[in-house]
file entry.pdb (PDB, C-alpha atoms)
MODEL        1
ATOM      1  CA  MET A 171     150.050 220.857  90.703
ATOM      2  CA  LEU A 172     147.396 221.637  88.147
ATOM      3  CA  ALA A 173     147.846 222.824  84.612
ATOM      4  CA  GLN A 174     145.502 225.758  84.278
ATOM      5  CA  ARG A 175     144.130 227.941  81.531
ATOM      6  CA  SER A 176     142.135 230.861  82.833
ATOM      7  CA  LEU A 177     139.615 233.140  81.176
ATOM      8  CA  VAL A 178     140.383 236.813  81.073
ATOM      9  CA  ARG A 179     138.055 239.133  79.229
ATOM     10  CA  GLY A 180     139.319 241.761  76.876
ATOM     11  CA  GLY A 181     141.264 241.973  73.652
ATOM     12  CA  LEU A 182     143.620 239.118  74.523
ATOM     13  CA  GLY A 183     140.789 236.668  75.219
ATOM     14  CA  LEU A 184     142.103 233.428  76.730
ATOM     15  CA  HIS A 185     145.371 233.664  78.653
ATOM     16  CA  ARG A 186     147.465 230.820  79.971
ATOM     17  CA  ILE A 187     148.643 230.531  83.533
ATOM     18  CA  LEU A 188     151.197 227.770  83.264
ATOM     19  CA  ARG A 189     151.202 226.163  86.716
ATOM     20  CA  ARG A 190     149.787 226.841  90.156
ATOM     21  CA  THR A 191     149.145 224.995  93.386
ATOM     22  CA  ILE A 192     145.653 224.169  94.577
ATOM     23  CA  SER A 193     146.080 226.453  97.566
ATOM     24  CA  SER A 194     147.223 229.555  95.690
ATOM     25  CA  SER A 195     144.887 232.511  95.539
ATOM     26  CA  ILE A 196     142.699 233.401  92.579
ATOM     27  CA  PRO A 197     142.519 237.009  91.358
ATOM     28  CA  ALA A 198     139.409 238.680  92.748
ATOM     29  CA  ASP A 199     138.316 239.879  89.315
ATOM     30  CA  GLN A 200     138.576 236.429  87.739
ATOM     31  CA  ASP A 201     134.963 235.262  87.716
ATOM     32  CA  LEU A 202     135.658 231.936  86.019
ATOM     33  CA  VAL A 203     138.708 229.711  86.465
ATOM     34  CA  VAL A 204     139.277 227.046  83.815
ATOM     35  CA  GLU A 205     141.606 224.194  84.788
ATOM     36  CA  TYR A 206     142.915 221.328  82.686
ATOM     37  CA  LEU A 207     143.818 218.588  85.149
ATOM     38  CA  GLU A 208     146.747 216.222  84.723
ATOM     39  CA  ASP A 209     148.058 212.881  86.009
ATOM     40  CA  ASP A 210     145.250 210.598  87.210
ATOM     41  CA  HIS A 211     142.652 213.153  86.108
ATOM     42  CA  HIS A 212     144.087 213.876  82.680
ATOM     43  CA  GLY A 213     141.156 214.583  80.381
ATOM     44  CA  VAL A 214     139.141 216.384  83.054
ATOM     45  CA  VAL A 215     138.445 220.085  82.664
ATOM     46  CA  VAL A 216     137.096 222.094  85.599
ATOM     47  CA  PHE A 217     135.069 225.287  85.341
ATOM     48  CA  GLY A 218     135.347 227.037  88.705
ATOM     49  CA  ILE A 219     132.987 229.920  89.480
ATOM     50  CA  ASN A 220     134.591 232.703  91.544
ATOM     51  CA  ARG A 221     132.267 235.579  92.503
ATOM     52  CA  PRO A 222     132.579 235.620  96.310
ATOM     53  CA  LYS A 223     130.815 238.954  96.806
ATOM     54  CA  ALA A 224     127.734 237.768  94.892
ATOM     55  CA  MET A 225     127.501 234.092  95.940
ATOM     56  CA  ASN A 226     128.520 233.192  92.368
ATOM     57  CA  ALA A 227     125.370 234.789  90.924
ATOM     58  CA  LEU A 228     125.179 234.865  87.136
ATOM     59  CA  SER A 229     126.226 238.288  85.878
ATOM     60  CA  LYS A 230     126.703 239.519  82.324
ATOM     61  CA  LYS A 231     130.470 239.112  82.683
ATOM     62  CA  LEU A 232     130.192 235.564  84.064
ATOM     63  CA  VAL A 233     127.790 234.568  81.287
ATOM     64  CA  ALA A 234     130.245 235.954  78.710
ATOM     65  CA  ASP A 235     133.110 234.046  80.342
ATOM     66  CA  PHE A 236     131.086 230.829  80.310
ATOM     67  CA  THR A 237     130.382 231.349  76.616
ATOM     68  CA  GLN A 238     134.099 231.585  75.818
ATOM     69  CA  ALA A 239     134.958 228.595  78.012
ATOM     70  CA  ILE A 240     132.264 226.407  76.468
ATOM     71  CA  ASP A 241     133.407 227.307  72.962
ATOM     72  CA  ALA A 242     136.966 226.316  73.942
ATOM     73  CA  VAL A 243     136.059 222.787  75.096
ATOM     74  CA  LYS A 244     133.105 221.997  72.853
ATOM     75  CA  PHE A 245     135.124 220.434  70.049
ATOM     76  CA  ASP A 246     138.180 219.401  72.054
ATOM     77  CA  LYS A 247     138.352 215.604  71.798
ATOM     78  CA  ASN A 248     140.910 215.486  74.603
ATOM     79  CA  VAL A 249     138.264 216.612  77.099
ATOM     80  CA  ARG A 250     136.708 213.464  78.532
ATOM     81  CA  VAL A 251     134.734 214.987  81.430
ATOM     82  CA  LEU A 252     133.767 218.513  82.443
ATOM     83  CA  VAL A 253     133.233 219.422  86.106
ATOM     84  CA  ILE A 254     131.513 222.618  87.258
ATOM     85  CA  ARG A 255     132.492 223.699  90.747
ATOM     86  CA  SER A 256     132.695 226.749  92.991
ATOM     87  CA  HIS A 257     135.740 228.503  94.418
ATOM     88  CA  VAL A 258     133.493 230.292  96.898
ATOM     89  CA  LYS A 259     132.963 228.451 100.155
ATOM     90  CA  GLY A 260     129.287 227.780 100.847
ATOM     91  CA  ALA A 261     128.017 228.673  97.383
ATOM     92  CA  PHE A 262     127.625 226.873  94.066
ATOM     93  CA  CYS A 263     125.557 229.481  92.233
ATOM     94  CA  ALA A 264     122.833 231.679  93.701
ATOM     95  CA  GLY A 265     121.067 232.166  90.376
ATOM     96  CA  ALA A 266     120.782 235.464  88.544
ATOM     97  CA  ASP A 267     122.544 238.551  89.848
ATOM     98  CA  LEU A 268     119.425 240.414  90.966
ATOM     99  CA  LYS A 269     121.339 243.574  91.908
ATOM    100  CA  GLU A 270     122.691 243.807  88.383
ATOM    101  CA  ARG A 271     119.329 242.951  86.865
ATOM    102  CA  ALA A 272     117.588 245.667  88.898
ATOM    103  CA  LYS A 273     119.711 248.237  87.080
ATOM    104  CA  MET A 274     118.738 246.923  83.641
ATOM    105  CA  THR A 275     116.101 248.519  81.490
ATOM    106  CA  PRO A 276     113.185 246.336  80.326
ATOM    107  CA  ALA A 277     114.836 246.268  76.901
ATOM    108  CA  GLU A 278     118.030 244.842  78.424
ATOM    109  CA  VAL A 279     116.366 242.180  80.575
ATOM    110  CA  GLY A 280     115.011 240.106  77.684
ATOM    111  CA  PRO A 281     118.329 239.617  75.832
ATOM    112  CA  PHE A 282     120.188 238.924  79.087
ATOM    113  CA  VAL A 283     117.663 236.294  80.194
ATOM    114  CA  ALA A 284     117.864 234.686  76.750
ATOM    115  CA  LYS A 285     121.656 234.540  76.909
ATOM    116  CA  GLY A 286     121.532 233.232  80.470
ATOM    117  CA  ARG A 287     119.060 230.546  79.433
ATOM    118  CA  GLU A 288     121.388 229.544  76.607
ATOM    119  CA  ILE A 289     124.328 229.153  79.023
ATOM    120  CA  ILE A 290     122.278 227.317  81.651
ATOM    121  CA  GLY A 291     121.127 224.807  79.055
ATOM    122  CA  ALA A 292     124.470 224.476  77.297
ATOM    123  CA  TRP A 293     125.703 221.609  79.452
ATOM    124  CA  ASP A 294     123.383 218.909  78.112
ATOM    125  CA  LYS A 295     124.349 219.937  74.572
ATOM    126  CA  LEU A 296     128.063 219.389  75.170
ATOM    127  CA  PRO A 297     129.257 216.011  73.861
ATOM    128  CA  MET A 298     131.146 214.979  77.015
ATOM    129  CA  PRO A 299     129.608 214.175  80.423
ATOM    130  CA  VAL A 300     129.226 217.209  82.696
ATOM    131  CA  ILE A 301     129.230 216.876  86.496
ATOM    132  CA  ALA A 302     127.894 219.607  88.795
ATOM    133  CA  ALA A 303     129.634 219.747  92.187
ATOM    134  CA  MET A 304     127.279 221.651  94.485
ATOM    135  CA  ASP A 305     129.227 222.566  97.607
ATOM    136  CA  GLY A 306     126.697 225.059  98.890
ATOM    137  CA  VAL A 307     123.814 227.243  97.736
ATOM    138  CA  ALA A 308     122.331 226.346  94.331
ATOM    139  CA  LEU A 309     119.164 228.357  93.872
ATOM    140  CA  GLY A 310     117.155 229.438  90.845
ATOM    141  CA  GLY A 311     119.427 229.570  87.829
ATOM    142  CA  GLY A 312     122.145 227.841  89.833
ATOM    143  CA  LEU A 313     120.008 224.740  90.264
ATOM    144  CA  GLU A 314     118.774 225.018  86.673
ATOM    145  CA  MET A 315     122.394 224.917  85.540
ATOM    146  CA  ALA A 316     122.974 221.768  87.610
ATOM    147  CA  LEU A 317     119.793 220.188  86.227
ATOM    148  CA  ALA A 318     121.237 220.515  82.725
ATOM    149  CA  CYS A 319     124.308 218.531  83.788
ATOM    150  CA  ASP A 320     124.577 214.750  83.430
ATOM    151  CA  ILE A 321     125.453 214.056  87.065
ATOM    152  CA  ARG A 322     124.868 216.112  90.214
ATOM    153  CA  VAL A 323     126.780 215.805  93.483
ATOM    154  CA  ALA A 324     125.845 217.822  96.573
ATOM    155  CA  SER A 325     127.363 218.321  99.983
ATOM    156  CA  ASP A 326     125.069 217.719 102.931
ATOM    157  CA  ASN A 327     125.028 221.457 103.714
ATOM    158  CA  ALA A 328     123.998 222.416 100.181
ATOM    159  CA  LYS A 329     120.807 224.457  99.739
ATOM    160  CA  VAL A 330     119.005 223.768  96.484
ATOM    161  CA  GLY A 331     115.712 224.982  95.089
ATOM    162  CA  LEU A 332     113.815 226.800  92.359
ATOM    163  CA  THR A 333     112.672 229.846  94.299
ATOM    164  CA  GLU A 334     111.490 232.082  91.457
ATOM    165  CA  THR A 335     107.829 232.154  92.532
ATOM    166  CA  ARG A 336     108.937 234.146  95.590
ATOM    167  CA  LEU A 337     109.830 236.890  93.108
ATOM    168  CA  ALA A 338     106.486 236.610  91.299
ATOM    169  CA  ILE A 339     108.115 234.949  88.275
ATOM    170  CA  ILE A 340     108.737 231.364  87.161
ATOM    171  CA  PRO A 341     111.962 229.434  86.528
ATOM    172  CA  GLY A 342     113.188 230.743  83.177
ATOM    173  CA  GLY A 343     116.250 228.605  82.523
ATOM    174  CA  GLY A 344     114.560 225.302  81.822
ATOM    175  CA  GLY A 345     113.623 224.528  85.421
ATOM    176  CA  THR A 346     109.933 223.901  84.742
ATOM    177  CA  GLN A 347     110.948 221.296  82.145
ATOM    178  CA  ARG A 348     114.079 219.647  83.525
ATOM    179  CA  LEU A 349     113.025 219.318  87.168
ATOM    180  CA  PRO A 350     109.901 217.229  86.344
ATOM    181  CA  ARG A 351     112.051 214.988  84.159
ATOM    182  CA  VAL A 352     114.429 214.395  87.065
ATOM    183  CA  VAL A 353     112.140 214.048  90.095
ATOM    184  CA  GLY A 354     108.738 213.538  88.444
ATOM    185  CA  PRO A 355     105.952 216.055  87.737
ATOM    186  CA  ALA A 356     104.175 215.782  91.109
ATOM    187  CA  VAL A 357     107.282 216.476  93.184
ATOM    188  CA  ALA A 358     108.447 219.192  90.789
ATOM    189  CA  ARG A 359     105.107 220.996  91.042
ATOM    190  CA  GLU A 360     105.291 221.045  94.829
ATOM    191  CA  LEU A 361     108.887 222.280  94.867
ATOM    192  CA  ILE A 362     108.257 225.058  92.337
ATOM    193  CA  TYR A 363     104.894 226.220  93.723
ATOM    194  CA  THR A 364     106.245 226.393  97.281
ATOM    195  CA  ALA A 365     109.713 227.700  96.307
ATOM    196  CA  ARG A 366     111.006 225.159  98.808
ATOM    197  CA  VAL A 367     114.713 224.915  99.535
ATOM    198  CA  LEU A 368     116.163 221.459 100.250
ATOM    199  CA  ASN A 369     119.425 220.420 101.840
ATOM    200  CA  GLY A 370     121.738 217.911 100.191
ATOM    201  CA  ARG A 371     120.295 214.856 101.956
ATOM    202  CA  GLU A 372     116.729 215.795 101.035
ATOM    203  CA  ALA A 373     117.793 216.376  97.436
ATOM    204  CA  GLU A 374     119.424 212.946  97.320
ATOM    205  CA  ARG A 375     116.337 211.273  98.777
ATOM    206  CA  ILE A 376     114.095 212.491  95.942
ATOM    207  CA  GLY A 377     116.686 211.782  93.246
ATOM    208  CA  LEU A 378     117.479 215.421  92.545
ATOM    209  CA  VAL A 379     121.186 214.686  93.046
ATOM    210  CA  ASN A 380     123.060 211.454  92.391
ATOM    211  CA  HIS A 381     125.154 211.650  95.529
ATOM    212  CA  CYS A 382     125.229 213.606  98.794
ATOM    213  CA  VAL A 383     128.480 213.686 100.756
ATOM    214  CA  ASP A 384     129.409 215.020 104.181
ATOM    215  CA  GLN A 385     131.007 218.419 103.857
ATOM    216  CA  ASN A 386     134.666 218.790 104.857
ATOM    217  CA  GLU A 387     136.611 221.652 106.430
ATOM    218  CA  ASP A 388     137.742 222.945 103.046
ATOM    219  CA  GLY A 389     134.157 223.113 101.788
ATOM    220  CA  ASN A 390     134.879 221.083  98.645
ATOM    221  CA  ALA A 391     133.570 217.581  99.443
ATOM    222  CA  ALA A 392     131.160 217.529  96.488
ATOM    223  CA  TYR A 393     133.964 218.598  94.162
ATOM    224  CA  LEU A 394     136.218 215.784  95.394
ATOM    225  CA  LYS A 395     133.399 213.272  94.880
ATOM    226  CA  ALA A 396     132.858 214.669  91.379
ATOM    227  CA  LEU A 397     136.537 214.075  90.620
ATOM    228  CA  ASP A 398     136.197 210.475  91.835
ATOM    229  CA  ILE A 399     133.299 209.937  89.422
ATOM    230  CA  ALA A 400     135.224 211.610  86.597
ATOM    231  CA  LYS A 401     138.156 209.300  87.287
ATOM    232  CA  GLU A 402     135.848 206.302  86.755
ATOM    233  CA  ILE A 403     134.665 207.696  83.411
ATOM    234  CA  ILE A 404     138.116 208.559  82.001
ATOM    235  CA  PRO A 405     139.302 204.979  81.236
ATOM    236  CA  ASN A 406     136.226 204.202  79.138
ATOM    237  CA  GLY A 407     136.054 204.726  75.388
ATOM    238  CA  PRO A 408     135.403 208.438  74.829
ATOM    239  CA  VAL A 409     133.410 207.904  71.642
ATOM    240  CA  GLY A 410     131.251 205.315  73.403
ATOM    241  CA  VAL A 411     130.641 207.640  76.352
ATOM    242  CA  ARG A 412     129.689 210.515  74.057
ATOM    243  CA  MET A 413     127.369 208.362  71.982
ATOM    244  CA  ALA A 414     125.782 207.017  75.180
ATOM    245  CA  LYS A 415     125.093 210.576  76.336
ATOM    246  CA  ALA A 416     123.545 211.469  72.989
ATOM    247  CA  ALA A 417     121.373 208.340  72.979
ATOM    248  CA  ILE A 418     120.127 208.948  76.530
ATOM    249  CA  ASN A 419     119.409 212.634  75.896
ATOM    250  CA  LYS A 420     117.472 211.923  72.700
ATOM    251  CA  GLY A 421     115.737 208.809  73.961
ATOM    252  CA  THR A 422     114.364 210.294  77.169
ATOM    253  CA  GLU A 423     112.394 212.863  75.175
ATOM    254  CA  VAL A 424     110.534 210.391  72.944
ATOM    255  CA  ASP A 425     108.546 207.164  73.174
ATOM    256  CA  LEU A 426     110.374 203.865  73.764
ATOM    257  CA  ALA A 427     110.279 202.712  70.141
ATOM    258  CA  SER A 428     111.764 205.993  68.936
ATOM    259  CA  GLY A 429     114.328 205.846  71.736
ATOM    260  CA  ILE A 430     115.438 202.376  70.642
ATOM    261  CA  ALA A 431     115.811 203.716  67.100
ATOM    262  CA  TYR A 432     118.054 206.517  68.408
ATOM    263  CA  GLU A 433     120.115 203.944  70.309
ATOM    264  CA  GLU A 434     120.546 201.883  67.137
ATOM    265  CA  ALA A 435     121.650 204.948  65.208
ATOM    266  CA  TYR A 436     124.244 205.965  67.798
ATOM    267  CA  TYR A 437     125.469 202.370  68.168
ATOM    268  CA  ALA A 438     126.123 202.319  64.442
ATOM    269  CA  GLN A 439     128.501 205.250  64.892
ATOM    270  CA  VAL A 440     130.782 203.356  67.282
ATOM    271  CA  ILE A 441     131.149 200.265  65.079
ATOM    272  CA  PRO A 442     133.719 201.732  62.628
ATOM    273  CA  THR A 443     135.862 203.380  65.331
ATOM    274  CA  LYS A 444     139.477 202.500  66.052
ATOM    275  CA  ASP A 445     138.670 202.478  69.766
ATOM    276  CA  ARG A 446     136.235 199.578  69.357
ATOM    277  CA  VAL A 447     138.916 197.526  67.615
ATOM    278  CA  GLU A 448     141.431 198.506  70.298
ATOM    279  CA  ALA A 449     139.050 197.296  73.018
ATOM    280  CA  LEU A 450     138.692 193.897  71.345
ATOM    281  CA  ASN A 451     142.454 193.572  70.837
ATOM    282  CA  ALA A 452     143.137 194.565  74.435
ATOM    283  CA  PHE A 453     140.649 191.985  75.683
ATOM    284  CA  ARG A 454     142.289 189.278  73.599
ATOM    285  CA  GLU A 455     145.780 190.318  74.704
ATOM    286  CA  LYS A 456     144.734 190.662  78.362
ATOM    287  CA  ARG A 457     145.838 194.285  78.724
ATOM    288  CA  LYS A 458     144.231 197.633  79.343
ATOM    289  CA  PRO A 459     142.964 199.351  76.204
ATOM    290  CA  VAL A 460     144.484 202.654  75.112
ATOM    291  CA  PHE A 461     141.661 204.748  73.683
ATOM    292  CA  LYS A 462     142.302 207.752  71.466
ATOM    293  CA  GLY A 463     138.762 208.894  70.798
ATOM    294  CA  GLU A 464     138.879 207.760  67.182
TER     295      GLU A 464
ENDMDL
END
call {"tool": "encode", "arguments": {"input": "entry.pdb", "output": "structure tokens"}}
result
Amino acid sequence: MLAQRSLVRGGLGLHRILRRTISSSIPADQDLVVEYLEDDHHGVVVFGINRPKAMNALSKKLVADFTQAIDAVKFDKNVRVLVIRSHVKGAFCAGADLKERAKMTPAEVGPFVAKGREIIGAWDKLPMPVIAAMDGVALGGGLEMALACDIRVASDNAKVGLTETRLAIIPGGGGTQRLPRVVGPAVARELIYTARVLNGREAERIGLVNHCVDQNEDGNAAYLKALDIAKEIIPNGPVGVRMAKAAINKGTEVDLASGIAYEEAYYAQVIPTKDRVEALNAFREKRKPVFKGE
């Protein structure tokens, strides 16, 4: 059983669905399912995309739902890890909803792209680690969203790529900047210029994803692997994990000396925490530490 809080748009905003089983159906009009996991995965929140008729493409409604969900977890210290997954078999996110965009006026396109770019890049700004579970197609903005996550897991049947040049445009959600930082400029140039689509194994070979797993009958192998990784993160000091993320994000954008200075600054923030003292006491007393994120 999973404790779940789901996003419903409208005047009531966020609504609670108290309990449900993993196998129960999701309302067709619920584009984003937000789950707060319990038991061994307590502290893990899952954002599940659910647009089966559009291969989870980013629409105005989905972007608005993401905005609300991100605002709900951003300052929640009980959230240790965030996982982004799909509830649509064979798809993670197919990028922008081109059918919807085709109906927009030129005046509408700009603001929508800006808002979409903000959502796509929101994951590396969140304080907790974010894991993308790519159990299927992750193209264009879908891959850009995964690139902004801390860890990427793909199934072997996943299809990933920045294919915007096929549409006579360029990646507009950070892809031209994040992909070179992940796989290197030379490989990124080739992938973007050719609009090449890779499977999960190919993506793992070039370092685009951390792990590639064999897909299962339920189509959620990458999600299950993501939960395994999240379970490894949960026992560690939450303040330490968050400061590590901040130090890595800042340090990878500057020279080594500046990066070391960032590391020193973030290390200083963990010294006065109660969790650091708890870790030392637990070590001395030969027990597992109980961290509270303080």
call {"tool": "residues_around", "arguments": {"input": "entry.pdb", "residues": "Ala303 of chain A", "least_positions_apart": "5", "cutoff": "12 Å", "atoms": "only C-alpha atoms", "output": "short mmCIF file (atom, residue, chain, number, x, y, z; two decimals) with C-alpha atoms, in the frame of the given file"}}
result
data_model
loop_
_atom_site.label_atom_id
_atom_site.label_comp_id
_atom_site.auth_asym_id
_atom_site.auth_seq_id
_atom_site.Cartn_x
_atom_site.Cartn_y
_atom_site.Cartn_z
CA VAL A 216 137.10 222.09 85.60
CA PHE A 217 135.07 225.29 85.34
CA GLY A 218 135.35 227.04 88.70
CA ILE A 219 132.99 229.92 89.48
CA LEU A 252 133.77 218.51 82.44
CA VAL A 253 133.23 219.42 86.11
CA ILE A 254 131.51 222.62 87.26
CA ARG A 255 132.49 223.70 90.75
CA SER A 256 132.70 226.75 92.99
CA HIS A 257 135.74 228.50 94.42
CA GLY A 260 129.29 227.78 100.85
CA ALA A 261 128.02 228.67 97.38
CA PHE A 262 127.62 226.87 94.07
CA CYS A 263 125.56 229.48 92.23
CA ALA A 308 122.33 226.35 94.33
CA GLY A 312 122.14 227.84 89.83
CA LEU A 313 120.01 224.74 90.26
CA MET A 315 122.39 224.92 85.54
CA ALA A 316 122.97 221.77 87.61
CA LEU A 317 119.79 220.19 86.23
CA CYS A 319 124.31 218.53 83.79
CA ASP A 320 124.58 214.75 83.43
CA ILE A 321 125.45 214.06 87.06
CA ARG A 322 124.87 216.11 90.21
CA VAL A 323 126.78 215.80 93.48
CA ALA A 324 125.84 217.82 96.57
CA SER A 325 127.36 218.32 99.98
CA ASP A 326 125.07 217.72 102.93
CA ALA A 328 124.00 222.42 100.18
CA GLY A 370 121.74 217.91 100.19
CA VAL A 379 121.19 214.69 93.05
CA ASN A 380 123.06 211.45 92.39
CA HIS A 381 125.15 211.65 95.53
CA CYS A 382 125.23 213.61 98.79
CA VAL A 383 128.48 213.69 100.76
CA GLN A 385 131.01 218.42 103.86
CA GLY A 389 134.16 223.11 101.79
CA ASN A 390 134.88 221.08 98.64
CA ALA A 391 133.57 217.58 99.44
CA ALA A 392 131.16 217.53 96.49
CA TYR A 393 133.96 218.60 94.16
CA LEU A 394 136.22 215.78 95.39
CA LYS A 395 133.40 213.27 94.88
CA ALA A 396 132.86 214.67 91.38
CA LEU A 397 136.54 214.08 90.62
CA ASP A 398 136.20 210.48 91.84
CA ILE A 399 133.30 209.94 89.42
CA ALA A 400 135.22 211.61 86.60
#
call {"tool": "residues_around", "arguments": {"input": "entry.pdb", "residues": "segment 350-364 of chain A", "least_positions_apart": "3", "cutoff": "9 Å", "atoms": "all atoms listed in the file", "output": "CSV table (one decimal) with C-alpha atoms, keeping the file's coordinate frame"}}
result
chain,number,residue,atom,x,y,z
A,317,LEU,CA,119.8,220.2,86.2
A,331,GLY,CA,115.7,225.0,95.1
A,332,LEU,CA,113.8,226.8,92.4
A,333,THR,CA,112.7,229.8,94.3
A,334,GLU,CA,111.5,232.1,91.5
A,335,THR,CA,107.8,232.2,92.5
A,336,ARG,CA,108.9,234.1,95.6
A,340,ILE,CA,108.7,231.4,87.2
A,341,PRO,CA,112.0,229.4,86.5
A,345,GLY,CA,113.6,224.5,85.4
A,346,THR,CA,109.9,223.9,84.7
A,347,GLN,CA,110.9,221.3,82.1
A,367,VAL,CA,114.7,224.9,99.5
A,376,ILE,CA,114.1,212.5,95.9
A,377,GLY,CA,116.7,211.8,93.2
A,378,LEU,CA,117.5,215.4,92.5
A,422,THR,CA,114.4,210.3,77.2
call {"tool": "closest_residue", "arguments": {"input": "entry.pdb", "among": "A:Lys259, A:Lys230, A:Arg375, A:Lys295", "to": "Arg412 of chain A", "atoms": "all atoms listed in the file"}}
result
A:Lys295
call {"tool": "residues_around", "arguments": {"input": "entry.pdb", "residues": "Ala449 of chain A", "least_positions_apart": "4", "cutoff": "10 Å", "atoms": "all atoms listed in the file", "output": "PyMOL selection string"}}
result
chain A and resi 406-407+444-445+453-455+457-461
call {"tool": "resolve_selection", "arguments": {"input": "entry.pdb", "expression": "the PyMOL selection byres ((chain A and resi 200) around 8)", "output": "ChimeraX atom specification"}}
result
/A:177-178,196-199,201-203,220-221
call {"tool": "write_last_selection", "arguments": {"input": "entry.pdb", "atoms": "C-alpha atoms", "output": "PDB file, keeping the file's coordinate frame"}}
result
ATOM      1  CA  LEU A 177     139.615 233.140  81.176  1.00  0.00           C
ATOM      2  CA  VAL A 178     140.383 236.813  81.073  1.00  0.00           C
ATOM      3  CA  ILE A 196     142.699 233.401  92.579  1.00  0.00           C
ATOM      4  CA  PRO A 197     142.519 237.009  91.358  1.00  0.00           C
ATOM      5  CA  ALA A 198     139.409 238.680  92.748  1.00  0.00           C
ATOM      6  CA  ASP A 199     138.316 239.879  89.315  1.00  0.00           C
ATOM      7  CA  ASP A 201     134.963 235.262  87.716  1.00  0.00           C
ATOM      8  CA  LEU A 202     135.658 231.936  86.019  1.00  0.00           C
ATOM      9  CA  VAL A 203     138.708 229.711  86.465  1.00  0.00           C
ATOM     10  CA  ASN A 220     134.591 232.703  91.544  1.00  0.00           C
ATOM     11  CA  ARG A 221     132.267 235.579  92.503  1.00  0.00           C
TER      12      ARG A 221
END
call {"tool": "closest_residue", "arguments": {"input": "entry.pdb", "among": "A:Arg366, A:Arg271, A:Asn226, A:Glu288", "to": "Asp305 of chain A", "atoms": "only C-alpha atoms"}}
result
A:Asn226
call {"tool": "atom_distance", "arguments": {"input": "entry.pdb", "atom1": "atom CA of Met274 of chain A", "atom2": "atom CA of Asp294 of chain A"}}
result
28.9 Å
call {"tool": "atom_distance", "arguments": {"input": "entry.pdb", "atom1": "atom CA of Glu448 of chain A", "atom2": "atom CA of Val411 of chain A"}}
result
15.4 Å
call {"tool": "atom_distance", "arguments": {"input": "entry.pdb", "atom1": "atom CA of Ala277 of chain A", "atom2": "atom CA of Gly291 of chain A"}}
result
22.5 Å
